[in-house]
>>> print(open('model_19.cif').read())   # mmCIF, C-alpha atoms
data_data
loop_
_atom_site.label_atom_id
_atom_site.label_comp_id
_atom_site.auth_asym_id
_atom_site.auth_seq_id
_atom_site.Cartn_x
_atom_site.Cartn_y
_atom_site.Cartn_z
CA MET A 1 -103.18 -193.15 -222.87
CA PRO A 2 -100.95 -190.67 -220.99
CA SER A 3 -97.26 -190.74 -221.86
CA GLN A 4 -94.59 -191.74 -219.36
CA THR A 5 -93.67 -188.06 -219.09
CA ASP A 6 -97.25 -187.10 -218.27
CA THR A 7 -97.38 -189.86 -215.68
CA PHE A 8 -94.12 -188.64 -214.12
CA ILE A 9 -95.33 -185.04 -214.01
CA ALA A 10 -98.65 -186.12 -212.53
CA SER A 11 -96.86 -188.14 -209.85
CA GLU A 12 -94.53 -185.28 -208.98
CA TRP A 13 -97.38 -182.78 -209.13
CA LEU A 14 -99.55 -184.71 -206.72
CA SER A 15 -96.62 -185.30 -204.39
CA CYS A 16 -96.36 -181.54 -204.06
CA GLY A 17 -99.68 -181.53 -202.24
CA ARG A 18 -97.71 -181.31 -199.01
CA ILE A 19 -97.33 -177.57 -199.73
CA PHE A 20 -100.97 -176.72 -200.27
CA ASP A 21 -104.11 -178.48 -201.34
CA GLN A 22 -104.39 -178.88 -205.13
CA SER A 23 -108.05 -177.89 -205.09
CA LYS A 24 -107.08 -174.50 -203.64
CA LEU A 25 -104.36 -173.85 -206.22
CA LEU A 26 -106.77 -172.79 -208.97
CA PRO A 27 -110.51 -172.88 -209.54
CA SER A 28 -111.25 -176.10 -211.42
CA ALA A 29 -112.73 -174.19 -214.38
CA GLN A 30 -109.39 -172.43 -214.87
CA PHE A 31 -107.15 -175.41 -214.28
CA PRO A 32 -105.04 -176.00 -217.40
CA PRO A 33 -104.64 -179.43 -219.03
CA LEU A 34 -101.92 -181.49 -217.38
CA HIS A 35 -99.91 -181.79 -220.58
CA CYS A 36 -99.66 -177.97 -220.78
CA ILE A 37 -97.87 -177.70 -217.45
CA THR A 38 -94.14 -178.24 -217.18
CA PHE A 39 -92.90 -179.68 -213.95
CA GLU A 40 -90.29 -176.92 -213.76
CA ALA A 41 -92.93 -174.18 -213.92
CA HIS A 42 -95.06 -175.87 -211.30
CA LEU A 43 -92.08 -176.38 -209.02
CA ALA A 44 -91.09 -172.71 -209.39
CA TRP A 45 -94.62 -171.67 -208.42
CA ILE A 46 -94.54 -173.90 -205.35
CA GLU A 47 -91.13 -172.58 -204.32
CA ALA A 48 -92.45 -169.02 -204.61
CA TYR A 49 -95.43 -169.95 -202.43
CA ASP A 50 -93.11 -171.48 -199.82
CA TRP A 51 -90.87 -168.39 -199.93
CA VAL A 52 -93.83 -166.05 -199.31
CA LEU A 53 -95.14 -168.33 -196.57
CA GLN A 54 -91.76 -168.09 -194.85
CA ARG A 55 -91.93 -164.30 -195.10
CA LEU A 56 -95.34 -164.39 -193.39
CA GLU A 57 -93.87 -166.45 -190.55
CA ASP A 58 -90.98 -164.00 -190.29
CA GLU A 59 -93.38 -161.05 -190.16
CA ASP A 60 -95.35 -162.72 -187.37
CA ASP A 61 -92.16 -163.44 -185.41
CA GLN A 62 -90.99 -159.84 -185.76
CA GLY A 63 -94.39 -158.28 -185.10
CA CYS A 64 -94.37 -156.45 -188.45
CA SER A 65 -97.45 -155.05 -190.17
CA ALA A 66 -97.01 -156.32 -193.73
CA SER A 67 -98.88 -159.59 -193.17
CA GLU A 68 -101.97 -158.32 -195.00
CA VAL A 69 -100.03 -157.86 -198.24
CA VAL A 70 -98.35 -161.24 -197.75
CA ASP A 71 -101.76 -162.88 -197.35
CA GLU A 72 -102.94 -161.22 -200.56
CA VAL A 73 -99.88 -162.49 -202.47
CA LEU A 74 -100.45 -166.01 -201.17
CA ASP A 75 -104.00 -165.77 -202.46
CA VAL A 76 -102.73 -164.62 -205.86
CA LEU A 77 -100.35 -167.58 -206.04
CA GLU A 78 -103.20 -169.95 -205.24
CA HIS A 79 -105.43 -168.62 -208.01
CA LEU A 80 -103.29 -167.09 -210.76
CA LEU A 81 -102.29 -169.26 -213.73
CA TRP A 82 -98.63 -170.05 -214.37
CA ASP A 83 -98.33 -168.52 -217.82
CA VAL A 84 -100.72 -165.58 -217.94
CA ASP A 85 -99.82 -162.43 -219.86
CA LEU A 86 -99.75 -159.38 -217.63
CA LYS A 87 -100.41 -155.96 -219.06
CA GLY A 88 -97.45 -153.64 -218.78
CA PHE A 89 -96.98 -149.95 -219.57
CA GLY A 90 -95.88 -150.29 -223.20
CA ALA A 91 -94.88 -153.27 -225.30
CA GLN A 92 -91.42 -153.57 -223.73
CA ALA A 93 -92.87 -153.80 -220.24
CA SER A 94 -95.31 -156.70 -220.62
CA LEU A 95 -94.60 -159.88 -218.69
CA CYS A 96 -96.03 -163.29 -218.01
CA THR A 97 -96.64 -164.49 -214.48
CA LEU A 98 -93.60 -166.79 -214.31
CA GLU A 99 -91.26 -163.88 -215.10
CA LEU A 100 -92.29 -162.20 -211.85
CA LEU A 101 -91.28 -165.14 -209.65
CA PRO A 102 -87.70 -163.88 -209.02
CA LEU A 103 -89.38 -161.20 -206.90
CA LEU A 104 -90.51 -164.04 -204.64
CA ALA A 105 -87.13 -165.68 -204.21
CA ASP A 106 -83.59 -164.93 -203.09
CA ALA A 107 -82.69 -164.32 -206.72
CA MET A 108 -81.40 -161.68 -209.11
CA ILE A 109 -83.97 -159.84 -211.22
CA ASN A 110 -83.24 -159.55 -214.93
CA GLY A 111 -83.36 -156.43 -217.05
CA HIS A 112 -86.73 -157.18 -218.65
CA VAL A 113 -88.44 -157.41 -215.26
CA LEU A 114 -86.62 -154.33 -213.96
CA ASP A 115 -87.71 -152.41 -217.06
CA ALA A 116 -91.31 -153.45 -216.46
CA LEU A 117 -91.18 -152.32 -212.84
CA ILE A 118 -89.62 -149.00 -213.82
CA ALA A 119 -92.26 -148.49 -216.49
CA ALA A 120 -94.96 -149.08 -213.87
CA THR A 121 -93.25 -146.51 -211.62
CA ASN A 122 -92.99 -144.07 -214.49
CA ASP A 123 -96.73 -144.21 -214.94
CA HIS A 124 -97.05 -142.26 -211.66
CA VAL A 125 -94.46 -139.59 -212.40
CA ASP A 126 -96.78 -137.07 -214.09
CA GLU A 127 -97.19 -134.97 -210.96
CA HIS A 128 -93.40 -134.73 -210.71
CA ASN A 129 -93.00 -133.58 -214.30
CA ASP A 130 -89.56 -132.04 -213.91
CA THR A 131 -88.17 -135.59 -213.79
CA ALA A 132 -87.91 -138.14 -216.60
CA VAL A 133 -87.60 -141.75 -215.44
CA GLU A 134 -86.02 -143.82 -218.21
CA MET A 135 -85.64 -147.54 -218.81
CA LEU A 136 -82.52 -149.54 -219.66
CA ASP A 137 -82.48 -148.54 -223.32
CA PHE A 138 -81.40 -145.05 -222.27
CA ALA A 139 -78.15 -146.32 -220.72
CA ASN A 140 -77.53 -148.73 -223.61
CA ILE A 141 -77.88 -145.94 -226.19
CA LEU A 142 -75.53 -143.70 -224.21
CA LEU A 143 -72.83 -146.34 -224.70
CA LEU A 144 -73.19 -146.65 -228.47
CA ASP A 145 -69.91 -146.24 -230.36
CA ASN A 146 -68.51 -143.03 -231.87
CA MET A 147 -69.62 -143.96 -235.37
CA GLN A 148 -73.23 -144.10 -234.26
CA TRP A 149 -72.92 -140.94 -232.16
CA SER A 150 -71.73 -139.10 -235.29
CA LYS A 151 -75.30 -139.62 -236.59
CA TYR A 152 -76.91 -138.27 -233.42
CA HIS A 153 -79.13 -135.68 -235.09
CA PHE A 154 -80.72 -138.03 -237.62
CA ASP A 155 -80.29 -141.62 -236.37
CA ARG A 156 -83.62 -142.81 -234.95
CA SER A 157 -81.77 -144.72 -232.21
CA PHE A 158 -81.15 -141.35 -230.52
CA THR A 159 -84.72 -140.03 -230.73
CA GLN A 160 -85.37 -140.24 -226.98
CA LEU A 161 -81.95 -138.84 -226.02
CA HIS A 162 -82.44 -136.00 -228.48
CA TYR A 163 -85.84 -135.18 -227.02
CA LEU A 164 -84.64 -135.35 -223.40
CA GLY A 165 -81.51 -133.32 -224.13
CA GLY A 166 -83.65 -130.60 -225.65
CA SER A 167 -86.05 -130.73 -222.69
CA LEU A 168 -83.16 -130.36 -220.24
CA HIS A 169 -81.77 -127.44 -222.24
CA ASN A 170 -85.04 -125.51 -222.34
CA GLY A 171 -85.89 -126.30 -218.71
CA THR A 172 -88.98 -128.41 -219.39
CA ILE A 173 -87.37 -131.07 -217.20
CA GLN A 174 -84.46 -130.81 -214.80
CA HIS A 175 -83.71 -134.42 -213.95
CA VAL A 176 -83.24 -137.64 -215.90
CA ILE A 177 -82.93 -140.78 -213.79
CA PHE A 178 -82.23 -144.24 -215.18
CA PRO A 179 -80.86 -147.71 -214.31
CA VAL A 180 -77.48 -148.99 -215.41
CA ASN A 181 -76.03 -152.47 -215.49
CA ILE A 182 -72.54 -152.87 -214.04
CA ALA A 183 -70.38 -155.66 -215.47
CA ASN A 184 -73.47 -157.79 -216.17
CA VAL A 185 -73.78 -158.59 -212.45
CA HIS A 186 -75.25 -155.54 -210.74
CA TRP A 187 -77.89 -152.80 -211.07
CA ALA A 188 -77.43 -149.17 -210.02
CA ILE A 189 -79.01 -145.77 -210.73
CA ILE A 190 -77.73 -142.57 -212.35
CA SER A 191 -79.45 -139.20 -212.11
CA VAL A 192 -78.57 -136.24 -214.31
CA ASP A 193 -79.51 -133.07 -212.43
CA THR A 194 -79.29 -129.87 -214.49
CA SER A 195 -80.44 -127.65 -211.61
CA ALA A 196 -77.33 -128.60 -209.63
CA GLN A 197 -75.22 -129.46 -212.71
CA MET A 198 -74.40 -132.84 -211.20
CA ILE A 199 -74.26 -136.44 -212.31
CA LEU A 200 -75.37 -138.45 -209.27
CA TYR A 201 -74.82 -142.15 -208.73
CA GLY A 202 -76.69 -144.47 -206.38
CA ASP A 203 -75.20 -147.93 -205.88
CA SER A 204 -76.46 -150.23 -203.13
CA LEU A 205 -73.08 -152.00 -203.00
CA GLY A 206 -71.13 -148.75 -202.77
CA TRP A 207 -69.28 -149.27 -206.06
CA TYR A 208 -67.90 -146.33 -208.05
CA MET A 209 -69.73 -144.97 -211.07
CA PRO A 210 -68.11 -146.38 -214.23
CA SER A 211 -66.18 -143.74 -216.18
CA SER A 212 -67.78 -144.94 -219.41
CA TYR A 213 -71.13 -143.54 -218.26
CA ILE A 214 -69.62 -140.29 -217.02
CA ASP A 215 -67.90 -139.70 -220.37
CA ALA A 216 -71.01 -140.62 -222.37
CA ILE A 217 -73.26 -138.33 -220.32
CA HIS A 218 -70.84 -135.42 -220.64
CA HIS A 219 -70.70 -135.97 -224.39
CA TRP A 220 -74.51 -136.03 -224.63
CA LEU A 221 -74.94 -132.92 -222.47
CA LYS A 222 -72.31 -131.01 -224.44
CA ILE A 223 -74.30 -131.56 -227.64
CA HIS A 224 -77.20 -129.78 -225.93
CA GLY A 225 -75.18 -126.78 -224.78
CA PHE A 226 -74.15 -127.80 -221.24
CA THR A 227 -70.68 -127.54 -219.76
CA SER A 228 -69.13 -130.32 -217.68
CA PHE A 229 -71.13 -131.48 -214.67
CA GLY A 230 -69.74 -132.50 -211.29
CA LYS A 231 -70.10 -135.95 -209.79
CA GLY A 232 -71.90 -136.87 -206.58
CA SER A 233 -73.77 -139.53 -204.68
CA LEU A 234 -77.48 -140.19 -205.07
CA LEU A 235 -79.17 -141.18 -201.81
CA HIS A 236 -79.64 -144.94 -201.80
CA GLY A 237 -80.09 -147.93 -199.53
CA GLU A 238 -77.39 -150.49 -198.82
CA GLN A 239 -77.69 -154.19 -199.56
CA THR A 240 -75.86 -156.89 -197.62
CA ASP A 241 -76.62 -159.81 -199.96
CA SER A 242 -75.79 -160.70 -203.56
CA PHE A 243 -79.26 -160.50 -205.13
CA SER A 244 -81.22 -157.42 -203.98
CA CYS A 245 -79.64 -154.81 -206.24
CA ALA A 246 -82.58 -154.52 -208.66
CA VAL A 247 -85.12 -153.89 -205.89
CA ALA A 248 -82.67 -151.51 -204.20
CA ALA A 249 -82.16 -149.66 -207.50
CA LEU A 250 -85.90 -149.37 -208.06
CA ASN A 251 -86.25 -148.07 -204.51
CA THR A 252 -83.57 -145.45 -205.24
CA ILE A 253 -85.72 -144.14 -208.07
CA LYS A 254 -88.84 -144.11 -205.88
CA HIS A 255 -87.00 -142.38 -203.05
CA THR A 256 -85.63 -139.71 -205.40
CA VAL A 257 -88.90 -139.05 -207.21
CA PHE A 258 -91.56 -139.75 -204.58
CA GLY A 259 -89.70 -139.65 -201.26
CA TYR A 260 -90.20 -143.33 -200.43
CA PRO A 261 -88.24 -144.64 -197.41
CA LEU A 262 -84.86 -145.98 -198.42
CA PHE A 263 -84.21 -149.68 -198.97
CA THR A 264 -82.74 -151.57 -196.00
CA ASP A 265 -81.83 -155.20 -195.49
CA ASP A 266 -84.78 -155.48 -193.10
CA SER A 267 -87.23 -154.13 -195.68
CA LYS A 268 -86.00 -155.94 -198.80
CA TYR A 269 -88.45 -158.86 -198.68
CA ARG A 270 -91.41 -156.60 -198.02
CA LEU A 271 -90.40 -154.42 -200.97
CA CYS A 272 -90.13 -157.48 -203.24
CA ILE A 273 -93.56 -158.71 -202.18
CA GLU A 274 -95.11 -155.26 -202.64
CA GLU A 275 -93.66 -155.01 -206.16
CA PHE A 276 -95.13 -158.40 -207.03
CA TRP A 277 -98.48 -157.46 -205.50
CA SER A 278 -98.66 -154.12 -207.29
CA TRP A 279 -98.15 -155.70 -210.70
CA PRO A 280 -100.85 -158.22 -211.68
CA ARG A 281 -103.10 -156.53 -214.23
CA VAL A 282 -104.18 -159.60 -216.10
CA ILE A 283 -105.10 -159.30 -219.78
#
>>> encode(input="model_19.cif", output="structure tokens")
Amino acid sequence: MPSQTDTFIASEWLSCGRIFDQSKLLPSAQFPPLHCITFEAHLAWIEAYDWVLQRLEDEDDQGCSASEVVDEVLDVLEHLLWDVDLKGFGAQASLCTLELLPLLADAMINGHVLDALIAATNDHVDEHNDTAVEMLDFANILLLDNMQWSKYHFDRSFTQLHYLGGSLHNGTIQHVIFPVNIANVHWAIISVDTSAQMILYGDSLGWYMPSSYIDAIHHWLKIHGFTSFGKGSLLHGEQTDSFSCAVAALNTIKHTVFGYPLFTDDSKYRLCIEEFWSWPRVI
């Protein structure tokens, strides 16, 4: 006999048929047992579908050309399981399907998802091999305390910084670009450019670069034989909401490395949908 909880979930689940037909949600052979599905996960999936559907209506109203990608994403949401592992570029960049749903909502994106998206971007950087695109660990290690920095040459925590510092010094690379978290509420991008001897900062809200990063970068560069660098602005888009900073930050990287058009408020939803669509490589 089903439990009261199962009965409640089943009732709520079936009531959600107003959004789209249950038979179209997943092929029956793939449909998971009812007791394996949480109501919260199902509701989040439905909300994502509604959000994308609204974007399709907006595209039609505005005469935009992204409707094909939107249709593809709707199809993915109708057929992809809730809790499927998705293959990332390295162990730190693997996700499950539910973790990608903030891309399909007016919501902040967390560091794990941003790291995964940056790792996917980094997979295409080979042809631009004078630039190293780093993940969040780079910024976190920069801010380690003085005691740990005193062990820079033999502490394994600094392996990547040591390698990149040497590569900048010998000219193998000329740029290191990476995301930073500001006050646990905002994402921005820093680029270290040895060709111009500049530390560049791209912030979609127009905030100032925190001095803690400037000091840490100068300290790191000095270890590798560089003198003080100047400060400047990295070309970036501007957000007008409270949740788009991660997508804007990712776009700043893509603009800098590949020349992508800059993020705008008009393009933010399309960029979110394209990031979601570009991801699903199902294990």
>>> resolve_selection(input="model_19.cif", expression="the PyMOL selection byres ((chain A and resi 142) around 12)", output="PyMOL selection string")
chain A and resi 136-141+143-146+148-149+152+157-162+165+178-180+212-221
>>> resolve_selection(input="model_19.cif", expression="the PyMOL selection byres ((chain A and resi 275-280) around 7)", output="tab-separated table (two decimals) with C-alpha atoms, in the coordinates of the input")
chain	number	residue	atom	x	y	z
A	73	VAL	CA	-99.88	-162.49	-202.47
A	86	LEU	CA	-99.75	-159.38	-217.63
A	100	LEU	CA	-92.29	-162.20	-211.85
A	103	LEU	CA	-89.38	-161.20	-206.90
A	271	LEU	CA	-90.40	-154.42	-200.97
A	272	CYS	CA	-90.13	-157.48	-203.24
A	273	ILE	CA	-93.56	-158.71	-202.18
A	274	GLU	CA	-95.11	-155.26	-202.64
A	281	ARG	CA	-103.10	-156.53	-214.23
A	282	VAL	CA	-104.18	-159.60	-216.10
>>> closest_atom_pairs(input="model_19.cif", of="stretch 164-204 of chain A", to="stretch 118-135 of chain A", cutoff="8 Å", atoms="all atoms listed in the file", output="JSON lines")
{"residue": "A:Thr172", "atom": "CA", "partner": "A:Asp130", "partner_atom": "CA", "distance": 6.6}
{"residue": "A:Ile173", "atom": "CA", "partner": "A:Asp130", "partner_atom": "CA", "distance": 4.1}
{"residue": "A:Gln174", "atom": "CA", "partner": "A:Asp130", "partner_atom": "CA", "distance": 5.3}
{"residue": "A:His175", "atom": "CA", "partner": "A:Thr131", "partner_atom": "CA", "distance": 4.6}
{"residue": "A:Val176", "atom": "CA", "partner": "A:Ala132", "partner_atom": "CA", "distance": 4.7}
{"residue": "A:Ile177", "atom": "CA", "partner": "A:Val133", "partner_atom": "CA", "distance": 5.0}
{"residue": "A:Phe178", "atom": "CA", "partner": "A:Glu134", "partner_atom": "CA", "distance": 4.9}
{"residue": "A:Pro179", "atom": "CA", "partner": "A:Met135", "partner_atom": "CA", "distance": 6.6}
>>> write_last_selection(input="model_19.cif", atoms="C-alpha atoms", output="mmCIF file, in the frame of the given file")
data_model
loop_
_atom_site.group_PDB
_atom_site.id
_atom_site.type_symbol
_atom_site.label_atom_id
_atom_site.label_comp_id
_atom_site.auth_asym_id
_atom_site.auth_seq_id
_atom_site.Cartn_x
_atom_site.Cartn_y
_atom_site.Cartn_z
ATOM 1 C CA THR A 172 -88.980 -128.410 -219.390
ATOM 2 C CA ILE A 173 -87.370 -131.070 -217.200
ATOM 3 C CA GLN A 174 -84.460 -130.810 -214.800
ATOM 4 C CA HIS A 175 -83.710 -134.420 -213.950
ATOM 5 C CA VAL A 176 -83.240 -137.640 -215.900
ATOM 6 C CA ILE A 177 -82.930 -140.780 -213.790
ATOM 7 C CA PHE A 178 -82.230 -144.240 -215.180
ATOM 8 C CA PRO A 179 -80.860 -147.710 -214.310
#
>>> atom_distance(input="model_19.cif", atom1="atom CA of A:Leu205", atom2="atom CA of A:Phe243")
10.7 Å
>>> closest_residue(input="model_19.cif", among="A:Ile182, A:Val69, A:Val192, A:Leu117", to="A:Lys254", atoms="all atoms listed in the file")
A:Leu117
>>> axis_aligned_box(input="model_19.cif", around="stretch 250-263 of chain A", padding_each_side="4 Å", output="AutoDock Vina command-line options")
--center_x -87.6 --center_y -144.4 --center_z -202.7 --size_x 16.0 --size_y 18.6 --size_z 18.7
>>> atom_distance(input="model_19.cif", atom1="atom CA of A:Val257", atom2="atom CA of A:Lys231")
19.2 Å
>>> atom_distance(input="model_19.cif", atom1="atom CA of A:Val52", atom2="atom CA of A:Asp106")
11.0 Å
>>> closest_residue(input="model_19.cif", among="A:Asp50, A:Glu68, A:Glu57, A:Asp203", to="A:Leu104", atoms="all atoms listed in the file")
A:Asp50
>>> closest_residue(input="model_19.cif", among="A:Ser244, A:Ser267, A:Phe258, A:Phe229", to="A:His186", atoms="all atoms listed in the file")
A:Ser244
>>> residues_around(input="model_19.cif", residues="A:Gln239", least_positions_apart="2", cutoff="9 Å", atoms="all atoms listed in the file", output="MDAnalysis selection string")
chainID A and resid 204:205 237 241:245 248 263:265 268
>>> decode(input="model_19.cif", residues="stretch 171-199 of chain A", atoms="C-alpha atoms", output="PDB file, in the first residue's frame")
ATOM      1  CA  GLY A 171      56.158  34.227 -21.451  1.00  0.00           C
ATOM      2  CA  THR A 172      54.416  30.905 -22.106  1.00  0.00           C
ATOM      3  CA  ILE A 173      51.182  32.675 -21.180  1.00  0.00           C
ATOM      4  CA  GLN A 174      50.440  36.378 -20.847  1.00  0.00           C
ATOM      5  CA  HIS A 175      47.014  36.430 -19.237  1.00  0.00           C
ATOM      6  CA  VAL A 176      45.352  34.714 -16.291  1.00  0.00           C
ATOM      7  CA  ILE A 177      41.626  35.328 -15.950  1.00  0.00           C
ATOM      8  CA  PHE A 178      39.495  34.046 -13.091  1.00  0.00           C
ATOM      9  CA  PRO A 179      36.242  34.621 -11.150  1.00  0.00           C
ATOM     10  CA  VAL A 180      36.065  36.139  -7.691  1.00  0.00           C
ATOM     11  CA  ASN A 181      33.308  36.199  -5.122  1.00  0.00           C
ATOM     12  CA  ILE A 182      32.567  39.569  -3.542  1.00  0.00           C
ATOM     13  CA  ALA A 183      31.173  39.551   0.001  1.00  0.00           C
ATOM     14  CA  ASN A 184      29.421  36.219  -0.637  1.00  0.00           C
ATOM     15  CA  VAL A 185      26.770  37.991  -2.724  1.00  0.00           C
ATOM     16  CA  HIS A 186      28.303  38.769  -6.107  1.00  0.00           C
ATOM     17  CA  TRP A 187      30.534  37.360  -8.876  1.00  0.00           C
ATOM     18  CA  ALA A 188      33.101  39.354 -10.851  1.00  0.00           C
ATOM     19  CA  ILE A 189      36.192  38.700 -12.984  1.00  0.00           C
ATOM     20  CA  ILE A 190      39.876  39.590 -12.617  1.00  0.00           C
ATOM     21  CA  SER A 191      42.431  39.388 -15.411  1.00  0.00           C
ATOM     22  CA  VAL A 192      46.181  39.561 -14.842  1.00  0.00           C
ATOM     23  CA  ASP A 193      47.782  40.872 -18.033  1.00  0.00           C
ATOM     24  CA  THR A 194      51.587  40.700 -18.081  1.00  0.00           C
ATOM     25  CA  SER A 195      51.853  42.182 -21.585  1.00  0.00           C
ATOM     26  CA  ALA A 196      50.321  45.433 -20.321  1.00  0.00           C
ATOM     27  CA  GLN A 197      51.422  44.931 -16.689  1.00  0.00           C
ATOM     28  CA  MET A 198      47.852  45.504 -15.536  1.00  0.00           C
ATOM     29  CA  ILE A 199      45.393  43.930 -13.144  1.00  0.00           C
TER      30      ILE A 199
END
